[in-house]
Amino acid sequence: MVQNVYKIVSSFEANCPAKFVMKDGKKQKEVTIGIWNPEPDDRDDLYVCLFNPAEYETPGLNDWDDALDVFQMDDILTPDAYGQLQSALFDYEAHFEIALTEKDFSIHPTEILDDELKGESAKEQMRSNEKEQQFDMEM
C-alpha cells in the first residue's frame with residue numbers, strides 16, 4: 001500500500017518560518033502550505049490556512065480567501081509533535097525537516113490532504129475561468 005507523506009520543513013521566511021508538506025501516495029501530488037508566525041517572539045502563534053471545500057462554491061475572482069480557514073498548529077498536531085516544531089523553529093537556527101506520521105496529528109491528516117488537493121483543483125479551475133474572462137474581454 002502506498003503511503004501518504006507528511007513533513008514540516010524550514011523556510012527561513014520572516015512571517016512564514018516553515019512549510020507543511022503533504023504528498024498523496026496514490027496520485028503522487030504534493031501540496032505545500034505555509035506555517036505562519038506573524039509575531040516571531042510568540043512561540044504559540046503558529047497557524048496554517050487550510051482549504052474548506054464547504055465554503056468554496058462557484059469559482060470567482062475574489063472569493064478564494066472565503067474558502068480558507070485558519071487552524072492553529074497546536075490543534076492539528078499532538079502536543080509532542082507541536083513541541084518538536086516549536087523547538088526546531090525557536091531553539092535552533094538551522095535548516096530542519098520533521099517527518100510526521102499519522103500518530104503525530106490530533107486530526108486525521110488524510111482529510112487535510114484530501115481537502116488541500118480539492119483546493120489545488122479549485123485554484124486551477126479559478127485560473128482557467130479568469131483566463132477565459134480576460135480573453136472574452138479582449139474580444
# chains A, B, ... in the order shown; residues from 1 in each chain; ligands from 1

call {"tool": "residues_around", "arguments": {"residues": "segment 81-89 of chain A", "least_positions_apart": "3", "cutoff": "10 Å", "atoms": "only C-alpha atoms", "output": "ChimeraX atom specification"}}
result
/A:8-12,17-18,40,43-44,46,73-78,92-101,103-106

call {"tool": "select_by_dssp", "arguments": {"residues": "segment 17-117 of chain A", "states": "strand (DSSP E)", "output": "PDB file with C-alpha atoms, in the first residue's frame"}}
result
ATOM      1  CA  ALA A  18       8.161  26.740   7.947  1.00  0.00           C
ATOM      2  CA  LYS A  19       6.175  24.806   5.363  1.00  0.00           C
ATOM      3  CA  PHE A  20       3.791  21.916   5.920  1.00  0.00           C
ATOM      4  CA  VAL A  21       4.338  19.483   3.046  1.00  0.00           C
ATOM      5  CA  MET A  22       1.960  16.638   2.220  1.00  0.00           C
ATOM      6  CA  LYS A  23       2.244  14.130  -0.611  1.00  0.00           C
ATOM      7  CA  GLU A  30       2.351  17.264  -3.377  1.00  0.00           C
ATOM      8  CA  VAL A  31       0.787  20.179  -1.540  1.00  0.00           C
ATOM      9  CA  THR A  32       2.806  22.761   0.405  1.00  0.00           C
ATOM     10  CA  ILE A  33       1.186  25.102   2.923  1.00  0.00           C
ATOM     11  CA  GLY A  34       2.893  27.915   4.782  1.00  0.00           C
ATOM     12  CA  ILE A  35       3.067  27.764   8.576  1.00  0.00           C
ATOM     13  CA  TYR A  47      -1.010  28.572  12.174  1.00  0.00           C
ATOM     14  CA  VAL A  48      -1.946  27.422   8.681  1.00  0.00           C
ATOM     15  CA  CYS A  49      -4.725  28.470   6.323  1.00  0.00           C
ATOM     16  CA  LEU A  50      -6.455  25.346   5.048  1.00  0.00           C
ATOM     17  CA  PHE A  51      -8.910  24.977   2.204  1.00  0.00           C
ATOM     18  CA  LEU A  68      -9.733  29.264   3.704  1.00  0.00           C
ATOM     19  CA  ASP A  69      -9.982  28.515   7.410  1.00  0.00           C
ATOM     20  CA  VAL A  70      -7.289  29.325   9.960  1.00  0.00           C
ATOM     21  CA  PHE A  71      -6.077  26.440  12.134  1.00  0.00           C
ATOM     22  CA  GLN A  72      -3.589  26.748  14.960  1.00  0.00           C
ATOM     23  CA  GLU A  97      12.880  18.692   8.331  1.00  0.00           C
ATOM     24  CA  ILE A  98      10.444  16.924  10.632  1.00  0.00           C
ATOM     25  CA  ALA A  99       8.904  13.718   9.262  1.00  0.00           C
ATOM     26  CA  LEU A 100       5.388  13.191  10.598  1.00  0.00           C
TER      27      LEU A 100
END

call {"tool": "atom_distance", "arguments": {"atom1": "atom CA of Asn15 of chain A", "atom2": "atom CA of Glu102 of chain A"}}
result
26.8 Å

call {"tool": "atom_distance", "arguments": {"atom1": "atom CA of Pro79 of chain A", "atom2": "atom CA of Ile107 of chain A"}}
result
12.3 Å

call {"tool": "select_by_dssp", "arguments": {"residues": "chain A", "states": "helix (DSSP H, G or I)", "output": "CSV table (one decimal) with all heavy atoms, in the first residue's frame"}}
result
chain,number,residue,atom,x,y,z
A,65,ASP,N,-10.2,33.8,-0.5
A,65,ASP,CA,-10.0,33.9,0.9
A,65,ASP,C,-11.2,33.4,1.8
A,65,ASP,O,-11.0,32.9,2.9
A,65,ASP,CB,-9.8,35.4,1.3
A,65,ASP,CG,-8.4,35.9,0.8
A,65,ASP,OD1,-7.5,35.0,0.5
A,65,ASP,OD2,-8.2,37.1,0.7
A,66,ASP,N,-12.4,33.4,1.2
A,66,ASP,CA,-13.5,32.9,1.9
A,66,ASP,C,-13.5,31.4,2.0
A,66,ASP,O,-14.2,30.8,2.9
A,66,ASP,CB,-14.8,33.3,1.2
A,66,ASP,CG,-15.0,34.8,1.2
A,66,ASP,OD1,-14.5,35.5,2.2
A,66,ASP,OD2,-15.7,35.3,0.4
A,67,ALA,N,-12.7,30.8,1.2
A,67,ALA,CA,-12.6,29.3,1.2
A,67,ALA,C,-11.5,28.8,2.1
A,67,ALA,O,-11.3,27.6,2.2
A,67,ALA,CB,-12.4,28.8,-0.2
A,73,MET,N,-1.6,25.4,14.7
A,73,MET,CA,-0.8,24.1,14.6
A,73,MET,C,-1.0,23.3,15.9
A,73,MET,O,-0.9,22.1,15.8
A,73,MET,CB,0.6,24.4,14.3
A,73,MET,CG,0.9,24.9,12.9
A,73,MET,SD,0.3,23.8,11.6
A,73,MET,CE,1.4,22.4,11.8
A,74,ASP,N,-1.2,23.9,17.0
A,74,ASP,CA,-1.4,23.1,18.2
A,74,ASP,C,-2.7,22.3,18.2
A,74,ASP,O,-2.9,21.4,19.1
A,74,ASP,CB,-1.1,23.8,19.5
A,74,ASP,CG,-2.0,25.0,19.7
A,74,ASP,OD1,-2.8,25.4,18.8
A,74,ASP,OD2,-2.1,25.5,20.9
A,75,ASP,N,-3.6,22.7,17.3
A,75,ASP,CA,-4.9,22.0,17.2
A,75,ASP,C,-4.7,20.9,16.2
A,75,ASP,O,-5.5,19.9,16.1
A,75,ASP,CB,-6.0,22.9,16.7
A,75,ASP,CG,-6.4,23.9,17.8
A,75,ASP,OD1,-6.2,23.6,19.0
A,75,ASP,OD2,-6.9,25.0,17.5
A,76,ILE,N,-3.7,21.0,15.3
A,76,ILE,CA,-3.5,20.0,14.2
A,76,ILE,C,-2.6,18.9,14.7
A,76,ILE,O,-2.8,17.7,14.5
A,76,ILE,CB,-3.0,20.7,13.0
A,76,ILE,CG1,-4.0,21.6,12.4
A,76,ILE,CG2,-2.5,19.6,12.0
A,76,ILE,CD1,-3.6,22.4,11.2
A,79,PRO,N,0.5,17.3,21.2
A,79,PRO,CA,1.4,18.1,22.0
A,79,PRO,C,2.9,17.8,21.8
A,79,PRO,O,3.8,18.7,21.7
A,79,PRO,CB,1.0,17.8,23.4
A,79,PRO,CG,-0.4,17.5,23.3
A,79,PRO,CD,-0.5,16.7,22.0
A,80,ASP,N,3.3,16.5,21.6
A,80,ASP,CA,4.7,16.2,21.4
A,80,ASP,C,5.2,16.7,20.1
A,80,ASP,O,6.3,17.3,20.0
A,80,ASP,CB,4.9,14.7,21.5
A,80,ASP,CG,4.8,14.1,22.9
A,80,ASP,OD1,4.9,15.0,23.9
A,80,ASP,OD2,4.7,12.9,23.1
A,81,ALA,N,4.4,16.5,19.0
A,81,ALA,CA,4.8,16.9,17.7
A,81,ALA,C,4.9,18.5,17.6
A,81,ALA,O,5.8,19.1,17.0
A,81,ALA,CB,3.9,16.4,16.6
A,82,TYR,N,3.9,19.1,18.3
A,82,TYR,CA,3.9,20.6,18.3
A,82,TYR,C,5.1,21.1,19.1
A,82,TYR,O,5.8,22.1,18.6
A,82,TYR,CB,2.6,21.1,19.0
A,82,TYR,CG,2.5,22.6,18.9
A,82,TYR,CD1,2.3,23.3,17.7
A,82,TYR,CD2,2.5,23.4,20.1
A,82,TYR,CE1,2.2,24.6,17.7
A,82,TYR,CE2,2.4,24.7,20.0
A,82,TYR,CZ,2.2,25.4,18.8
A,82,TYR,OH,2.1,26.7,18.8
A,83,GLY,N,5.5,20.5,20.2
A,83,GLY,CA,6.7,20.9,20.9
A,83,GLY,C,8.0,20.7,20.1
A,83,GLY,O,8.9,21.5,20.1
A,84,GLN,N,8.0,19.6,19.3
A,84,GLN,CA,9.1,19.4,18.4
A,84,GLN,C,9.2,20.5,17.3
A,84,GLN,O,10.3,21.0,17.1
A,84,GLN,CB,9.0,18.0,17.7
A,84,GLN,CG,10.2,17.6,16.9
A,84,GLN,CD,10.0,16.3,16.2
A,84,GLN,OE1,8.9,15.6,16.3
A,84,GLN,NE2,11.0,15.8,15.6
A,85,LEU,N,8.1,20.9,16.8
A,85,LEU,CA,8.1,22.0,15.8
A,85,LEU,C,8.5,23.3,16.5
A,85,LEU,O,9.4,24.0,15.9
A,85,LEU,CB,6.6,22.2,15.3
A,85,LEU,CG,6.4,23.5,14.4
A,85,LEU,CD1,7.3,23.5,13.2
A,85,LEU,CD2,4.9,23.6,14.0
A,86,GLN,N,8.0,23.6,17.7
A,86,GLN,CA,8.4,24.9,18.4
A,86,GLN,C,9.9,24.9,18.6
A,86,GLN,O,10.6,25.9,18.4
A,86,GLN,CB,7.7,25.0,19.7
A,86,GLN,CG,6.2,25.4,19.5
A,86,GLN,CD,5.5,25.4,20.9
A,86,GLN,OE1,5.6,24.5,21.6
A,86,GLN,NE2,4.9,26.5,21.2
A,87,SER,N,10.4,23.7,19.1
A,87,SER,CA,11.9,23.6,19.4
A,87,SER,C,12.7,23.9,18.1
A,87,SER,O,13.7,24.6,18.1
A,87,SER,CB,12.2,22.3,20.0
A,87,SER,OG,13.5,22.2,20.3
A,88,ALA,N,12.3,23.2,17.0
A,88,ALA,CA,13.0,23.4,15.8
A,88,ALA,C,13.0,24.8,15.3
A,88,ALA,O,14.0,25.3,14.8
A,88,ALA,CB,12.4,22.5,14.7
A,89,LEU,N,11.9,25.5,15.4
A,89,LEU,CA,11.7,26.9,15.0
A,89,LEU,C,12.4,27.9,15.9
A,89,LEU,O,13.0,28.9,15.4
A,89,LEU,CB,10.3,27.3,14.9
A,89,LEU,CG,9.5,26.8,13.7
A,89,LEU,CD1,8.0,27.2,13.8
A,89,LEU,CD2,10.1,27.3,12.4
A,90,PHE,N,12.4,27.7,17.2
A,90,PHE,CA,12.8,28.8,18.1
A,90,PHE,C,14.1,28.5,18.8
A,90,PHE,O,14.7,29.4,19.3
A,90,PHE,CB,11.7,29.1,19.1
A,90,PHE,CG,10.4,29.6,18.4
A,90,PHE,CD1,9.3,28.7,18.3
A,90,PHE,CD2,10.3,30.8,17.9
A,90,PHE,CE1,8.1,29.2,17.7
A,90,PHE,CE2,9.2,31.3,17.2
A,90,PHE,CZ,8.0,30.4,17.2
A,102,GLU,N,0.9,9.6,11.0
A,102,GLU,CA,-0.5,9.8,11.4
A,102,GLU,C,-0.6,10.0,12.9
A,102,GLU,O,-1.5,10.8,13.4
A,102,GLU,CB,-1.4,8.8,10.9
A,102,GLU,CG,-1.6,8.8,9.4
A,102,GLU,CD,-2.7,7.9,8.9
A,102,GLU,OE1,-3.4,7.3,9.7
A,102,GLU,OE2,-2.8,7.8,7.6
A,103,LYS,N,0.2,9.3,13.7
A,103,LYS,CA,0.1,9.4,15.2
A,103,LYS,C,0.5,10.8,15.7
A,103,LYS,O,0.3,11.2,16.8
A,103,LYS,CB,0.9,8.3,15.9
A,103,LYS,CG,2.4,8.4,15.7
A,103,LYS,CD,3.1,7.4,16.6
A,103,LYS,CE,4.6,7.5,16.5
A,103,LYS,NZ,5.1,8.7,17.0
A,104,ASP,N,1.2,11.6,14.8
A,104,ASP,CA,1.6,13.0,15.2
A,104,ASP,C,0.5,14.0,15.1
A,104,ASP,O,0.7,15.2,15.4
A,104,ASP,CB,2.8,13.4,14.4
A,104,ASP,CG,4.0,12.5,14.7
A,104,ASP,OD1,4.3,12.3,15.9
A,104,ASP,OD2,4.7,12.2,13.8
A,109,PRO,N,-4.7,13.4,9.2
A,109,PRO,CA,-4.0,14.2,8.1
A,109,PRO,C,-4.5,13.9,6.7
A,109,PRO,O,-4.4,14.7,5.8
A,109,PRO,CB,-2.6,13.7,8.3
A,109,PRO,CG,-2.7,12.4,8.9
A,109,PRO,CD,-3.9,12.5,9.8
A,110,THR,N,-5.1,12.7,6.5
A,110,THR,CA,-5.7,12.4,5.2
A,110,THR,C,-6.8,13.3,4.8
A,110,THR,O,-6.9,13.7,3.6
A,110,THR,CB,-6.1,10.9,5.1
A,110,THR,OG1,-5.1,10.1,5.5
A,110,THR,CG2,-6.6,10.5,3.7
A,111,GLU,N,-7.6,13.7,5.8
A,111,GLU,CA,-8.7,14.7,5.5
A,111,GLU,C,-8.1,16.0,5.1
A,111,GLU,O,-8.6,16.7,4.1
A,111,GLU,CB,-9.6,14.9,6.7
A,111,GLU,CG,-10.4,13.6,7.1
A,111,GLU,CD,-11.2,13.8,8.4
A,111,GLU,OE1,-11.5,15.0,8.7
A,111,GLU,OE2,-11.5,12.8,9.0
A,112,ILE,N,-7.0,16.5,5.8
A,112,ILE,CA,-6.4,17.7,5.4
A,112,ILE,C,-5.9,17.6,4.0
A,112,ILE,O,-6.1,18.5,3.1
A,112,ILE,CB,-5.2,18.0,6.4
A,112,ILE,CG1,-5.7,18.2,7.8
A,112,ILE,CG2,-4.5,19.3,5.9
A,112,ILE,CD1,-4.6,18.3,8.8
A,113,LEU,N,-5.2,16.5,3.7
A,113,LEU,CA,-4.6,16.3,2.3
A,113,LEU,C,-5.6,16.3,1.3
A,113,LEU,O,-5.5,17.0,0.2
A,113,LEU,CB,-3.7,15.1,2.3
A,113,LEU,CG,-3.1,14.7,1.0
A,113,LEU,CD1,-2.2,15.8,0.4
A,113,LEU,CD2,-2.3,13.4,1.1
A,114,ASP,N,-6.7,15.6,1.5
A,114,ASP,CA,-7.8,15.5,0.5
A,114,ASP,C,-8.4,16.8,0.3
A,114,ASP,O,-8.6,17.2,-0.9
A,114,ASP,CB,-8.9,14.5,1.0
A,114,ASP,CG,-8.5,13.0,1.0
A,114,ASP,OD1,-7.4,12.7,0.3
A,114,ASP,OD2,-9.2,12.2,1.6
A,115,ASP,N,-8.7,17.6,1.3
A,115,ASP,CA,-9.2,19.0,1.1
A,115,ASP,C,-8.2,19.9,0.4
A,115,ASP,O,-8.7,20.7,-0.5
A,115,ASP,CB,-9.6,19.6,2.5
A,115,ASP,CG,-10.8,19.0,3.1
A,115,ASP,OD1,-11.5,18.2,2.4
A,115,ASP,OD2,-11.1,19.3,4.3
A,116,GLU,N,-7.0,19.8,0.7
A,116,GLU,CA,-6.0,20.6,0.0
A,116,GLU,C,-5.9,20.2,-1.5
A,116,GLU,O,-5.7,21.1,-2.3
A,116,GLU,CB,-4.6,20.5,0.7
A,116,GLU,CG,-4.6,21.2,2.1
A,116,GLU,CD,-5.1,22.7,2.0
A,116,GLU,OE1,-4.6,23.4,1.2
A,116,GLU,OE2,-5.9,23.0,2.9
A,117,LEU,N,-6.0,19.0,-1.8
A,117,LEU,CA,-6.0,18.6,-3.2
A,117,LEU,C,-7.2,19.1,-3.9
A,117,LEU,O,-7.1,19.6,-5.1
A,117,LEU,CB,-5.9,17.0,-3.3
A,117,LEU,CG,-4.5,16.4,-2.9
A,117,LEU,CD1,-4.6,14.9,-2.9
A,117,LEU,CD2,-3.4,16.9,-3.9
A,118,LYS,N,-8.3,19.1,-3.2
A,118,LYS,CA,-9.5,19.7,-3.8
A,118,LYS,C,-9.3,21.2,-4.0
A,118,LYS,O,-9.7,21.8,-5.0
A,118,LYS,CB,-10.7,19.5,-2.9
A,118,LYS,CG,-11.3,18.1,-2.9
A,118,LYS,CD,-12.4,18.0,-1.8
A,118,LYS,CE,-12.7,16.5,-1.6
A,118,LYS,NZ,-13.7,16.3,-0.5
A,119,GLY,N,-8.6,21.9,-3.0
A,119,GLY,CA,-8.3,23.3,-3.2
A,119,GLY,C,-7.4,23.6,-4.3
A,119,GLY,O,-7.6,24.6,-5.1
A,120,GLU,N,-6.4,22.7,-4.6
A,120,GLU,CA,-5.5,22.9,-5.7
A,120,GLU,C,-6.3,22.8,-7.0
A,120,GLU,O,-6.1,23.6,-7.9
A,120,GLU,CB,-4.4,21.8,-5.7
A,120,GLU,CG,-3.4,22.0,-4.6
A,120,GLU,CD,-2.6,23.3,-4.7
A,120,GLU,OE1,-2.1,23.6,-5.8
A,120,GLU,OE2,-2.4,24.0,-3.7
A,121,SER,N,-7.2,21.9,-7.1
A,121,SER,CA,-8.1,21.7,-8.3
A,121,SER,C,-9.0,22.9,-8.4
A,121,SER,O,-9.1,23.4,-9.6
A,121,SER,CB,-8.9,20.4,-8.1
A,121,SER,OG,-9.8,20.3,-9.2
A,122,ALA,N,-9.5,23.5,-7.3
A,122,ALA,CA,-10.4,24.6,-7.4
A,122,ALA,C,-9.6,25.9,-7.9
A,122,ALA,O,-10.1,26.7,-8.7
A,122,ALA,CB,-11.0,24.9,-6.0
A,123,LYS,N,-8.3,26.0,-7.4
A,123,LYS,CA,-7.4,27.1,-7.9
A,123,LYS,C,-7.2,27.0,-9.4
A,123,LYS,O,-7.2,28.0,-10.0
A,123,LYS,CB,-6.1,27.1,-7.1
A,123,LYS,CG,-6.0,27.9,-5.9
A,123,LYS,CD,-4.6,28.1,-5.5
A,123,LYS,CE,-4.3,27.2,-4.3
A,123,LYS,NZ,-3.0,27.5,-3.7
A,124,GLU,N,-6.9,25.8,-9.8
A,124,GLU,CA,-6.7,25.6,-11.3
A,124,GLU,C,-7.9,26.0,-12.1
A,124,GLU,O,-7.8,26.7,-13.1
A,124,GLU,CB,-6.3,24.2,-11.6
A,124,GLU,CG,-4.9,23.8,-11.1
A,124,GLU,CD,-4.6,22.3,-11.3
A,124,GLU,OE1,-5.3,21.7,-12.1
A,124,GLU,OE2,-3.7,21.8,-10.6
A,125,GLN,N,-9.1,25.6,-11.6
A,125,GLN,CA,-10.4,26.0,-12.2
A,125,GLN,C,-10.6,27.5,-12.2
A,125,GLN,O,-11.0,28.1,-13.2
A,125,GLN,CB,-11.5,25.2,-11.6
A,125,GLN,CG,-12.9,25.5,-12.2
A,125,GLN,CD,-13.0,25.0,-13.6
A,125,GLN,OE1,-12.5,23.9,-13.9
A,125,GLN,NE2,-13.5,25.8,-14.5
A,126,MET,N,-10.3,28.1,-11.1
A,126,MET,CA,-10.4,29.5,-11.0
A,126,MET,C,-9.5,30.3,-11.9
A,126,MET,O,-9.9,31.2,-12.6
A,126,MET,CB,-10.1,30.0,-9.5
A,126,MET,CG,-10.5,31.4,-9.2
A,126,MET,SD,-10.3,31.8,-7.5
A,126,MET,CE,-8.6,31.6,-7.2
A,127,ARG,N,-8.2,29.8,-12.0
A,127,ARG,CA,-7.3,30.4,-13.0
A,127,ARG,C,-7.8,30.3,-14.4
A,127,ARG,O,-7.7,31.2,-15.2
A,127,ARG,CB,-5.9,29.8,-12.9
A,127,ARG,CG,-5.2,30.3,-11.7
A,127,ARG,CD,-3.7,29.8,-11.7
A,127,ARG,NE,-3.2,29.8,-10.4
A,127,ARG,CZ,-2.9,28.7,-9.7
A,127,ARG,NH1,-3.0,27.5,-10.2
A,127,ARG,NH2,-2.5,28.8,-8.4
A,128,SER,N,-8.3,29.1,-14.7
A,128,SER,CA,-8.9,28.9,-16.1
A,128,SER,C,-10.1,29.8,-16.4
A,128,SER,O,-10.2,30.4,-17.5
A,128,SER,CB,-9.3,27.4,-16.2
A,128,SER,OG,-9.9,27.2,-17.4
A,129,ASN,N,-10.9,30.0,-15.4
A,129,ASN,CA,-12.1,30.9,-15.6
A,129,ASN,C,-11.6,32.3,-15.7
A,129,ASN,O,-12.2,33.1,-16.5
A,129,ASN,CB,-13.0,30.8,-14.4
A,129,ASN,CG,-13.8,29.5,-14.3
A,129,ASN,OD1,-13.8,28.7,-15.3
A,129,ASN,ND2,-14.4,29.2,-13.2
A,130,GLU,N,-10.6,32.7,-15.0
A,130,GLU,CA,-10.1,34.1,-15.1
A,130,GLU,C,-9.5,34.3,-16.5
A,130,GLU,O,-9.7,35.4,-17.1
A,130,GLU,CB,-9.0,34.4,-14.1
A,130,GLU,CG,-9.5,34.5,-12.7
A,130,GLU,CD,-8.5,34.6,-11.6
A,130,GLU,OE1,-7.3,34.6,-11.9
A,130,GLU,OE2,-8.8,34.7,-10.4
A,131,LYS,N,-8.8,33.3,-17.0
A,131,LYS,CA,-8.2,33.4,-18.4
A,131,LYS,C,-9.3,33.6,-19.4
A,131,LYS,O,-9.2,34.3,-20.4
A,131,LYS,CB,-7.3,32.3,-18.7
A,131,LYS,CG,-6.0,32.3,-17.9
A,131,LYS,CD,-5.1,31.1,-18.3
A,131,LYS,CE,-3.8,31.1,-17.4
A,131,LYS,NZ,-3.0,29.9,-17.6
A,132,GLU,N,-10.4,32.8,-19.2
A,132,GLU,CA,-11.5,32.8,-20.2
A,132,GLU,C,-12.1,34.2,-20.1
A,132,GLU,O,-12.5,34.8,-21.2
A,132,GLU,CB,-12.5,31.8,-19.9
A,132,GLU,CG,-12.1,30.4,-20.3
A,132,GLU,CD,-13.2,29.3,-19.9
A,132,GLU,OE1,-14.3,29.7,-19.7
A,132,GLU,OE2,-12.8,28.2,-19.7
A,133,GLN,N,-12.3,34.8,-18.9
A,133,GLN,CA,-12.9,36.1,-18.8
A,133,GLN,C,-12.0,37.2,-19.4
A,133,GLN,O,-12.5,38.1,-20.1
A,133,GLN,CB,-13.1,36.4,-17.3
A,133,GLN,CG,-14.3,35.6,-16.7
A,133,GLN,CD,-14.5,35.9,-15.2
A,133,GLN,OE1,-13.7,36.6,-14.6
A,133,GLN,NE2,-15.5,35.3,-14.7
A,134,GLN,N,-10.7,37.1,-19.2
A,134,GLN,CA,-9.8,38.0,-19.9
A,134,GLN,C,-9.9,37.9,-21.4
A,134,GLN,O,-9.9,38.9,-22.1
A,134,GLN,CB,-8.4,37.8,-19.4
A,134,GLN,CG,-8.1,38.2,-18.0
A,134,GLN,CD,-6.7,37.9,-17.5
A,134,GLN,OE1,-6.0,37.1,-18.1
A,134,GLN,NE2,-6.3,38.6,-16.4
A,135,PHE,N,-9.9,36.7,-21.9
A,135,PHE,CA,-10.0,36.5,-23.3
A,135,PHE,C,-11.3,37.1,-23.9
A,135,PHE,O,-11.3,37.8,-24.9
A,135,PHE,CB,-9.9,35.0,-23.7
A,135,PHE,CG,-10.0,34.7,-25.1
A,135,PHE,CD1,-8.9,34.9,-25.9
A,135,PHE,CD2,-11.2,34.2,-25.7
A,135,PHE,CE1,-9.0,34.7,-27.3
A,135,PHE,CE2,-11.3,33.9,-27.0
A,135,PHE,CZ,-10.2,34.2,-27.8
A,136,ASP,N,-12.4,36.9,-23.2
A,136,ASP,CA,-13.7,37.4,-23.6
A,136,ASP,C,-13.7,38.9,-23.6
A,136,ASP,O,-14.3,39.6,-24.4
A,136,ASP,CB,-14.8,36.9,-22.7
A,136,ASP,CG,-15.1,35.4,-22.9
A,136,ASP,OD1,-14.6,34.9,-23.9
A,136,ASP,OD2,-15.8,34.8,-22.0
A,137,MET,N,-13.0,39.5,-22.6
A,137,MET,CA,-12.9,41.0,-22.5
A,137,MET,C,-12.1,41.6,-23.7
A,137,MET,O,-12.3,42.7,-24.1
A,137,MET,CB,-12.4,41.4,-21.2
A,137,MET,CG,-13.3,41.1,-20.0
A,137,MET,SD,-12.5,41.4,-18.4
A,137,MET,CE,-13.0,43.1,-18.1
A,138,GLU,N,-11.1,40.8,-24.1
A,138,GLU,CA,-10.2,41.3,-25.2
A,138,GLU,C,-10.9,41.2,-26.5
A,138,GLU,O,-10.5,41.9,-27.5
A,138,GLU,CB,-8.9,40.5,-25.2
A,138,GLU,CG,-8.1,40.8,-24.0
A,138,GLU,CD,-6.9,39.9,-23.9
A,138,GLU,OE1,-6.7,39.1,-24.8
A,138,GLU,OE2,-6.1,40.0,-22.9

call {"tool": "atom_distance", "arguments": {"atom1": "atom CA of Trp36 of chain A", "atom2": "atom CA of Asp91 of chain A"}}
result
17.1 Å

call {"tool": "residues_around", "arguments": {"residues": "Lys26 of chain A", "least_positions_apart": "2", "cutoff": "8 Å", "atoms": "only C-alpha atoms", "output": "list in words"}}
result
Val2, Gln3, Asn4, Asp24 and Gln28 of chain A
